[in-house]
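Enquirer: I am attaching a structure below and will ask some questions about it afterwards.
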Amino acid sequence: MKYSKIFYLALAGLASAACTDMDDIVPESGTMLATQVKETNVIAPTRAEASFTGLFTQIGKPYSMGYSKPDDWGFLMMGFCNDLESADAIIPDSGYNWFSVCGEYSSRNANYRNPYIRYRAPYKLIADVNTFVSSYPEDVTEQSAIYMIAQARALRAYAYMQLAPAFQFSYTTAGDKPCVPIVTEATVDFTNNPRATVKEVYELIMSDLDYAVENLAGYARQTKANIDQNVAYGLRARANLNMANYAAAASDAEKAAQGYTPASIAEVSKPSFMDISEHNWIWGYDMTADLAQIGLSATSSSWLRSFSGNSYSAACQCYTLINKLLYDKITAGDVRKGWWVDENLESPLLDGLTWLVDGAAKGDVANLEIDNVKMAFLPYTNVKFGCNTIGTVTNDEDSPLMRVEEMILIQAEGYAKSGNESKAIDILSNFVKTYREPDYSVDERGLSLADEIWFQRRVELWGEGFGIYDTKRLNKPMVRFHDNESSTNQPSAFCFNMAADDGWLLMRFPQGEMDTNFGIVDNTDGQLPVMGQNPSLRDGVTD
């Protein structure tokens, strides 16, 4: 992870560039060497802002790691994989499923592209943040620079929070076990940089987020693609939740939620979750048409959304489905039941929707078929995630990175697990009854309060990247079926359950990293799951 080995080595000889030459330099991410960035800041400070903006761009930029493949779309792709490796999200096992490695868990192969991207994308962002932060003196006083540094450090924490749950079990069960290498602007030995413990990684995460919370006070962002103090509080709420600091998680989540209200029942009674301006989004990825054009198939619209006319999901019937086990637990009065079509391909969210074919509007979107563009939906296809235009070919839909609904659910879990169950019940009941299911009762499924909150997270945040990380955080087994295949709509190859302590749940380090960082000792426990394994496992929610 040397800076000299970062994927794009930019602007050699920058120190000799003339001021007029600087006008042509617009780096897309902070991939310049620290010395080059310092020179840039002196010659044209606006270039620092361009480098800063690029830090956010790479979160979901198509072909972000240079592969030019449909499974190369940065952190958004990582979140998609987290859901596909859970029990609740499915893509059919076909020749067009570029993410079958997640369904079958062969994503532990050290030479596969999928795990390589999921390891290198965070470290690329970390390296770019380190370069950016180190380009300023420690005693910088310019407020605009401090705001950018605070956001950059929050992004570094975000990157480590994507890595840590992948390479080790939860903070509460494995805090002293090896996690991932720490790389900061002070790191000098990259060839012998062993794995830090989970606790050490979270010490860095919390240090960065504490700095961000403190130094983003008073910052008014112009776009929700950037990080303000609400987002910093929200990220720290996630970190505290991961660390089982439940009261602190609830407190931070309350601060993150200030000024935001959940989407109403009416607002989620149609396909949505596609526009960064949606009022319930605290933080989001702003996918522009120009960005999407880099690789239309390497976007969330191509894979997660079911309404794109230029996608793998519709054209190849690679729709992202919900597991029937979870779907069946959603009550009929819950508006979220309609976020997926049922076994008959019906959902109230489709009422009145049309898809243009040769300029003519076609109804019955679920069953509509258009050669080389769209195949019929499959049972339990998601219609939660909409497109700006049904049948779009631009794939410029935005993606939520943090919603107020998540913060409310963190409050409920935080209070429930820190000794204030009555307040947790009030928060949970008020949210669900007001915004999702008017006749909701917290005990309608007969679950424990902790499992009911997890159920609500699994439904509300489905498809937003929390799947397997929540399962591991809660020390739960990963349960995709009960007893036999007839209980689920999982493809046969993906139909298996995994115990909470199965070592195969942990990612392996890419071979390239092992070849250059000799301090790493890889994860080796567990073995590739086999079809039908552990049929009697239960997770407490879908039992």
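Identifiers in the structure tokens: chain A, B, ... in order shown; residue index from 1 per chain; ligand index from 1 in order shown.
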With a distance cut-off of 9 Å and only C-alpha atoms, select the neighbouring residues of Asp539 of chain A, excluding the residue or stretch itself and same-chain residues fewer than 4 positions from it, and output the selection as a PDB file with N, CA, C and O atoms, in the first residue's frame.

Expert:
```pdb
ATOM      1  N   ASP A 451     -34.404  -9.213  18.588  1.00  0.00           N
ATOM      2  CA  ASP A 451     -34.625  -9.819  17.270  1.00  0.00           C
ATOM      3  C   ASP A 451     -35.652  -9.039  16.456  1.00  0.00           C
ATOM      4  O   ASP A 451     -35.568  -8.981  15.224  1.00  0.00           O
ATOM      5  N   LYS A 476     -24.872 -13.932  14.951  1.00  0.00           N
ATOM      6  CA  LYS A 476     -25.975 -14.786  14.524  1.00  0.00           C
ATOM      7  C   LYS A 476     -25.510 -15.731  13.419  1.00  0.00           C
ATOM      8  O   LYS A 476     -24.602 -15.408  12.643  1.00  0.00           O
ATOM      9  N   PRO A 477     -26.137 -16.895  13.305  1.00  0.00           N
ATOM     10  CA  PRO A 477     -25.861 -17.752  12.140  1.00  0.00           C
ATOM     11  C   PRO A 477     -26.452 -17.130  10.887  1.00  0.00           C
ATOM     12  O   PRO A 477     -27.396 -16.330  10.949  1.00  0.00           O
ATOM     13  N   MET A 478     -25.885 -17.465   9.746  1.00  0.00           N
ATOM     14  CA  MET A 478     -26.408 -17.008   8.470  1.00  0.00           C
ATOM     15  C   MET A 478     -27.335 -18.101   7.946  1.00  0.00           C
ATOM     16  O   MET A 478     -26.894 -19.179   7.535  1.00  0.00           O
ATOM     17  N   VAL A 479     -28.652 -17.824   7.977  1.00  0.00           N
ATOM     18  CA  VAL A 479     -29.662 -18.847   7.693  1.00  0.00           C
ATOM     19  C   VAL A 479     -30.427 -18.488   6.431  1.00  0.00           C
ATOM     20  O   VAL A 479     -31.215 -17.538   6.411  1.00  0.00           O
ATOM     21  N   ASP A 543     -37.382 -17.896  12.026  1.00  0.00           N
ATOM     22  CA  ASP A 543     -37.704 -19.251  12.525  1.00  0.00           C
ATOM     23  C   ASP A 543     -39.146 -19.638  12.196  1.00  0.00           C
ATOM     24  O   ASP A 543     -40.042 -18.787  12.170  1.00  0.00           O
TER      25      ASP A 543
END
```

Enquirer: Quick one: contact table of segment 282-397 of chain A to segment 91-110 of chain A, 9 Å max, nearest atom pair and distance in Å to one decimal per residue, counting only C-alpha atoms, chain and number order, as JSON lines?

Expert:
```
{"residue": "A:Tyr312", "atom": "CA", "partner": "A:Tyr96", "partner_atom": "CA", "distance": 7.4}
{"residue": "A:Ser313", "atom": "CA", "partner": "A:Ile91", "partner_atom": "CA", "distance": 8.8}
{"residue": "A:Cys316", "atom": "CA", "partner": "A:Tyr96", "partner_atom": "CA", "distance": 6.5}
{"residue": "A:Gln317", "atom": "CA", "partner": "A:Pro92", "partner_atom": "CA", "distance": 8.0}
{"residue": "A:Cys318", "atom": "CA", "partner": "A:Ile91", "partner_atom": "CA", "distance": 5.8}
{"residue": "A:Tyr319", "atom": "CA", "partner": "A:Ile91", "partner_atom": "CA", "distance": 6.0}
{"residue": "A:Thr320", "atom": "CA", "partner": "A:Ile91", "partner_atom": "CA", "distance": 5.0}
{"residue": "A:Leu321", "atom": "CA", "partner": "A:Ile91", "partner_atom": "CA", "distance": 6.3}
```

Enquirer: Can you spit out the residues from that selection as an mmCIF file, in the first residue's frame, using all heavy atoms?

Expert:
```cif
data_model
loop_
_atom_site.group_PDB
_atom_site.id
_atom_site.type_symbol
_atom_site.label_atom_id
_atom_site.label_comp_id
_atom_site.auth_asym_id
_atom_site.auth_seq_id
_atom_site.Cartn_x
_atom_site.Cartn_y
_atom_site.Cartn_z
ATOM 1 N N TYR A 312 -28.126 -5.413 -16.354
ATOM 2 C CA TYR A 312 -28.101 -6.864 -16.209
ATOM 3 C C TYR A 312 -29.375 -7.346 -15.522
ATOM 4 O O TYR A 312 -29.860 -8.437 -15.819
ATOM 5 C CB TYR A 312 -26.878 -7.300 -15.403
ATOM 6 C CG TYR A 312 -25.662 -7.559 -16.257
ATOM 7 C CD1 TYR A 312 -24.815 -6.518 -16.616
ATOM 8 C CD2 TYR A 312 -25.362 -8.838 -16.726
ATOM 9 C CE1 TYR A 312 -23.701 -6.742 -17.417
ATOM 10 C CE2 TYR A 312 -24.248 -9.070 -17.517
ATOM 11 C CZ TYR A 312 -23.422 -8.023 -17.862
ATOM 12 O OH TYR A 312 -22.326 -8.248 -18.648
ATOM 13 N N SER A 313 -29.907 -6.560 -14.608
ATOM 14 C CA SER A 313 -31.076 -7.019 -13.855
ATOM 15 C C SER A 313 -32.241 -7.319 -14.781
ATOM 16 O O SER A 313 -32.782 -8.431 -14.771
ATOM 17 C CB SER A 313 -31.483 -5.964 -12.811
ATOM 18 O OG SER A 313 -31.809 -4.731 -13.434
ATOM 19 N N CYS A 316 -31.155 -9.516 -18.390
ATOM 20 C CA CYS A 316 -30.693 -10.902 -18.185
ATOM 21 C C CYS A 316 -31.462 -11.619 -17.086
ATOM 22 O O CYS A 316 -31.093 -12.717 -16.684
ATOM 23 C CB CYS A 316 -29.207 -10.913 -17.851
ATOM 24 S SG CYS A 316 -28.174 -10.114 -19.088
ATOM 25 N N GLN A 317 -32.519 -10.979 -16.609
ATOM 26 C CA GLN A 317 -33.331 -11.538 -15.533
ATOM 27 C C GLN A 317 -32.466 -11.828 -14.281
ATOM 28 O O GLN A 317 -32.682 -12.809 -13.565
ATOM 29 C CB GLN A 317 -34.069 -12.803 -15.968
ATOM 30 C CG GLN A 317 -35.429 -12.970 -15.303
ATOM 31 C CD GLN A 317 -36.238 -14.106 -15.901
ATOM 32 O OE1 GLN A 317 -35.696 -15.139 -16.298
ATOM 33 N NE2 GLN A 317 -37.558 -13.928 -15.960
ATOM 34 N N CYS A 318 -31.497 -10.957 -14.065
ATOM 35 C CA CYS A 318 -30.660 -11.024 -12.861
ATOM 36 C C CYS A 318 -31.212 -10.079 -11.795
ATOM 37 O O CYS A 318 -30.462 -9.296 -11.188
ATOM 38 C CB CYS A 318 -29.216 -10.659 -13.194
ATOM 39 S SG CYS A 318 -28.290 -11.984 -13.979
ATOM 40 N N TYR A 319 -32.506 -10.141 -11.601
ATOM 41 C CA TYR A 319 -33.141 -9.283 -10.606
ATOM 42 C C TYR A 319 -32.652 -9.639 -9.200
ATOM 43 O O TYR A 319 -32.359 -10.804 -8.906
ATOM 44 C CB TYR A 319 -34.660 -9.433 -10.673
ATOM 45 C CG TYR A 319 -35.260 -8.968 -11.979
ATOM 46 C CD1 TYR A 319 -35.807 -9.879 -12.876
ATOM 47 C CD2 TYR A 319 -35.273 -7.627 -12.313
ATOM 48 C CE1 TYR A 319 -36.366 -9.462 -14.083
ATOM 49 C CE2 TYR A 319 -35.825 -7.192 -13.512
ATOM 50 C CZ TYR A 319 -36.371 -8.112 -14.390
ATOM 51 O OH TYR A 319 -36.918 -7.684 -15.576
ATOM 52 N N THR A 320 -32.571 -8.632 -8.354
ATOM 53 C CA THR A 320 -32.214 -8.869 -6.963
ATOM 54 C C THR A 320 -33.496 -9.143 -6.181
ATOM 55 O O THR A 320 -34.412 -8.313 -6.155
ATOM 56 C CB THR A 320 -31.467 -7.672 -6.367
ATOM 57 O OG1 THR A 320 -30.395 -7.304 -7.238
ATOM 58 C CG2 THR A 320 -30.895 -8.027 -5.005
ATOM 59 N N LEU A 321 -33.550 -10.310 -5.564
ATOM 60 C CA LEU A 321 -34.761 -10.806 -4.909
ATOM 61 C C LEU A 321 -34.581 -10.816 -3.396
ATOM 62 O O LEU A 321 -33.464 -10.870 -2.887
ATOM 63 C CB LEU A 321 -35.064 -12.238 -5.376
ATOM 64 C CG LEU A 321 -34.776 -12.611 -6.829
ATOM 65 C CD1 LEU A 321 -34.975 -14.108 -7.030
ATOM 66 C CD2 LEU A 321 -35.664 -11.821 -7.771
#
```

Enquirer: Can you pull out every residue within 12 Å of Glu406 of chain A, counting only C-alpha atoms, but drop anything in the same chain fewer than 2 positions away, and send it as an MDAnalysis selection string?

Expert: chainID A and resid 231 234:235 237:238 241 249:250 253:254 256:257 260:263 280:283 400:404 408:414 428 431 453:454 456:462 464:466

Enquirer: Residues near Asn395 of chain A, anyone? I mean within 12 Å using only C-alpha atoms, not counting same-chain ones fewer than 4 positions away, as JSON, numbers by chain.

Expert: {"A": [62, 274, 275, 286, 287, 288, 289, 290, 291, 292, 293, 294, 295, 296, 297, 298, 299, 300, 301, 302, 303, 304, 305, 306, 307, 308, 309, 310, 311, 312, 386, 387, 388, 389, 390, 391, 399]}

Enquirer: Could the residues in this selection be saved with N, CA, C and O atoms as a compact mmCIF listing (two decimals), in the first residue's frame?

Expert:
```
# COMPACT_ATOMS: atom_id res chain seq x y z
N PRO A 62 -18.12 3.96 -11.49
CA PRO A 62 -17.94 2.76 -12.31
C PRO A 62 -16.49 2.58 -12.70
O PRO A 62 -15.77 3.55 -12.99
N MET A 274 -33.82 6.70 -4.88
CA MET A 274 -33.06 6.92 -6.12
C MET A 274 -32.56 8.33 -6.30
O MET A 274 -31.83 8.62 -7.24
N ASP A 275 -32.92 9.24 -5.37
CA ASP A 275 -32.59 10.65 -5.55
C ASP A 275 -32.01 11.20 -4.26
O ASP A 275 -32.65 11.14 -3.21
N ASP A 286 -24.06 10.72 -5.19
CA ASP A 286 -24.69 11.46 -6.28
C ASP A 286 -24.13 10.95 -7.60
O ASP A 286 -23.05 11.35 -8.04
N MET A 287 -24.86 10.06 -8.23
CA MET A 287 -24.44 9.49 -9.51
C MET A 287 -24.90 10.40 -10.64
O MET A 287 -26.11 10.53 -10.90
N THR A 288 -23.99 11.04 -11.30
CA THR A 288 -24.33 11.90 -12.43
C THR A 288 -24.37 11.09 -13.72
O THR A 288 -23.82 9.99 -13.80
N ALA A 289 -25.00 11.65 -14.72
CA ALA A 289 -25.07 10.96 -16.01
C ALA A 289 -23.67 10.77 -16.59
O ALA A 289 -23.38 9.74 -17.20
N ASP A 290 -22.81 11.76 -16.40
CA ASP A 290 -21.44 11.64 -16.92
C ASP A 290 -20.68 10.52 -16.23
O ASP A 290 -19.95 9.75 -16.87
N LEU A 291 -20.83 10.42 -14.91
CA LEU A 291 -20.17 9.33 -14.18
C LEU A 291 -20.69 7.98 -14.63
O LEU A 291 -19.92 7.05 -14.87
N ALA A 292 -22.01 7.86 -14.74
CA ALA A 292 -22.60 6.58 -15.13
C ALA A 292 -22.13 6.14 -16.50
O ALA A 292 -21.97 4.93 -16.76
N GLN A 293 -21.87 7.10 -17.39
CA GLN A 293 -21.45 6.77 -18.75
C GLN A 293 -20.09 6.07 -18.77
O GLN A 293 -19.75 5.41 -19.75
N ILE A 294 -19.31 6.19 -17.70
CA ILE A 294 -18.02 5.50 -17.65
C ILE A 294 -18.22 4.00 -17.78
O ILE A 294 -17.44 3.30 -18.43
N GLY A 295 -19.30 3.50 -17.18
CA GLY A 295 -19.60 2.07 -17.25
C GLY A 295 -21.03 1.82 -16.81
O GLY A 295 -21.30 1.59 -15.64
N LEU A 296 -21.97 1.88 -17.74
CA LEU A 296 -23.39 1.79 -17.40
C LEU A 296 -23.76 0.49 -16.70
O LEU A 296 -24.66 0.44 -15.87
N SER A 297 -23.04 -0.58 -17.02
CA SER A 297 -23.36 -1.86 -16.40
C SER A 297 -22.76 -1.97 -15.01
O SER A 297 -23.15 -2.86 -14.24
N ALA A 298 -21.82 -1.09 -14.68
CA ALA A 298 -21.17 -1.12 -13.37
C ALA A 298 -21.77 -0.07 -12.46
O ALA A 298 -21.10 0.84 -11.97
N THR A 299 -23.08 -0.18 -12.27
CA THR A 299 -23.83 0.77 -11.45
C THR A 299 -24.87 0.01 -10.64
O THR A 299 -25.26 -1.12 -10.98
N SER A 300 -25.35 0.64 -9.58
CA SER A 300 -26.43 0.03 -8.81
C SER A 300 -27.68 -0.10 -9.67
O SER A 300 -28.49 -1.01 -9.47
N SER A 301 -27.85 0.81 -10.63
CA SER A 301 -29.03 0.75 -11.49
C SER A 301 -29.03 -0.50 -12.35
O SER A 301 -30.08 -1.05 -12.69
N SER A 302 -27.85 -0.96 -12.73
CA SER A 302 -27.74 -2.16 -13.57
C SER A 302 -28.03 -3.43 -12.79
O SER A 302 -28.49 -4.41 -13.38
N TRP A 303 -27.77 -3.42 -11.48
CA TRP A 303 -27.85 -4.65 -10.70
C TRP A 303 -28.94 -4.66 -9.65
O TRP A 303 -29.66 -5.65 -9.50
N LEU A 304 -29.11 -3.57 -8.94
CA LEU A 304 -30.03 -3.56 -7.81
C LEU A 304 -31.43 -3.11 -8.20
O LEU A 304 -32.42 -3.50 -7.56
N ARG A 305 -31.51 -2.30 -9.23
CA ARG A 305 -32.81 -1.74 -9.63
C ARG A 305 -33.42 -2.58 -10.74
O ARG A 305 -32.72 -3.11 -11.59
N SER A 306 -34.74 -2.64 -10.75
CA SER A 306 -35.44 -3.54 -11.67
C SER A 306 -36.12 -2.81 -12.82
O SER A 306 -36.90 -3.42 -13.55
N PHE A 307 -35.81 -1.51 -12.98
CA PHE A 307 -36.53 -0.71 -13.96
C PHE A 307 -35.63 -0.06 -14.99
O PHE A 307 -36.03 0.85 -15.70
N SER A 308 -34.39 -0.52 -15.10
CA SER A 308 -33.47 0.07 -16.07
C SER A 308 -33.53 -0.66 -17.40
O SER A 308 -33.52 -1.90 -17.44
N GLY A 309 -33.55 0.11 -18.47
CA GLY A 309 -33.53 -0.47 -19.81
C GLY A 309 -32.14 -0.71 -20.32
O GLY A 309 -31.96 -1.05 -21.49
N ASN A 310 -31.15 -0.54 -19.46
CA ASN A 310 -29.76 -0.80 -19.83
C ASN A 310 -29.09 -1.44 -18.62
O ASN A 310 -28.33 -0.81 -17.89
N SER A 311 -29.41 -2.72 -18.40
CA SER A 311 -28.99 -3.34 -17.14
C SER A 311 -28.88 -4.85 -17.27
O SER A 311 -29.45 -5.46 -18.17
N TYR A 312 -28.13 -5.41 -16.35
CA TYR A 312 -28.10 -6.86 -16.21
C TYR A 312 -29.38 -7.35 -15.52
O TYR A 312 -29.86 -8.44 -15.82
N GLY A 386 -36.24 2.47 -7.18
CA GLY A 386 -36.78 2.91 -8.45
C GLY A 386 -35.73 3.49 -9.37
O GLY A 386 -34.55 3.56 -9.06
N CYS A 387 -36.17 3.92 -10.55
CA CYS A 387 -35.34 4.63 -11.50
C CYS A 387 -35.99 5.98 -11.78
O CYS A 387 -37.22 6.11 -11.71
N ASN A 388 -35.18 6.96 -12.13
CA ASN A 388 -35.72 8.29 -12.40
C ASN A 388 -36.77 8.24 -13.49
O ASN A 388 -37.76 8.96 -13.46
N THR A 389 -36.54 7.36 -14.48
CA THR A 389 -37.51 7.11 -15.54
C THR A 389 -37.60 5.61 -15.73
O THR A 389 -36.56 4.94 -15.84
N ILE A 390 -38.80 5.07 -15.76
CA ILE A 390 -38.96 3.64 -16.00
C ILE A 390 -38.44 3.32 -17.39
O ILE A 390 -38.86 3.90 -18.39
N GLY A 391 -37.48 2.40 -17.46
CA GLY A 391 -36.86 2.06 -18.73
C GLY A 391 -35.67 2.93 -19.07
O GLY A 391 -35.19 2.93 -20.21
N SER A 399 -27.60 6.76 -4.76
CA SER A 399 -27.67 5.65 -3.79
C SER A 399 -27.61 6.19 -2.37
O SER A 399 -26.75 7.03 -2.06
```

Enquirer: Have a look at A:Thr394, A:Ala315, A:Lys270, A:Lys61 and name the one nearest to Leu353 of chain A; count only C-alpha atoms.

Expert: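 Nearest candidate to Leu353 of chain A out of A:Thr394, A:Ala315, A:Lys270, A:Lys61: A:Lys270.
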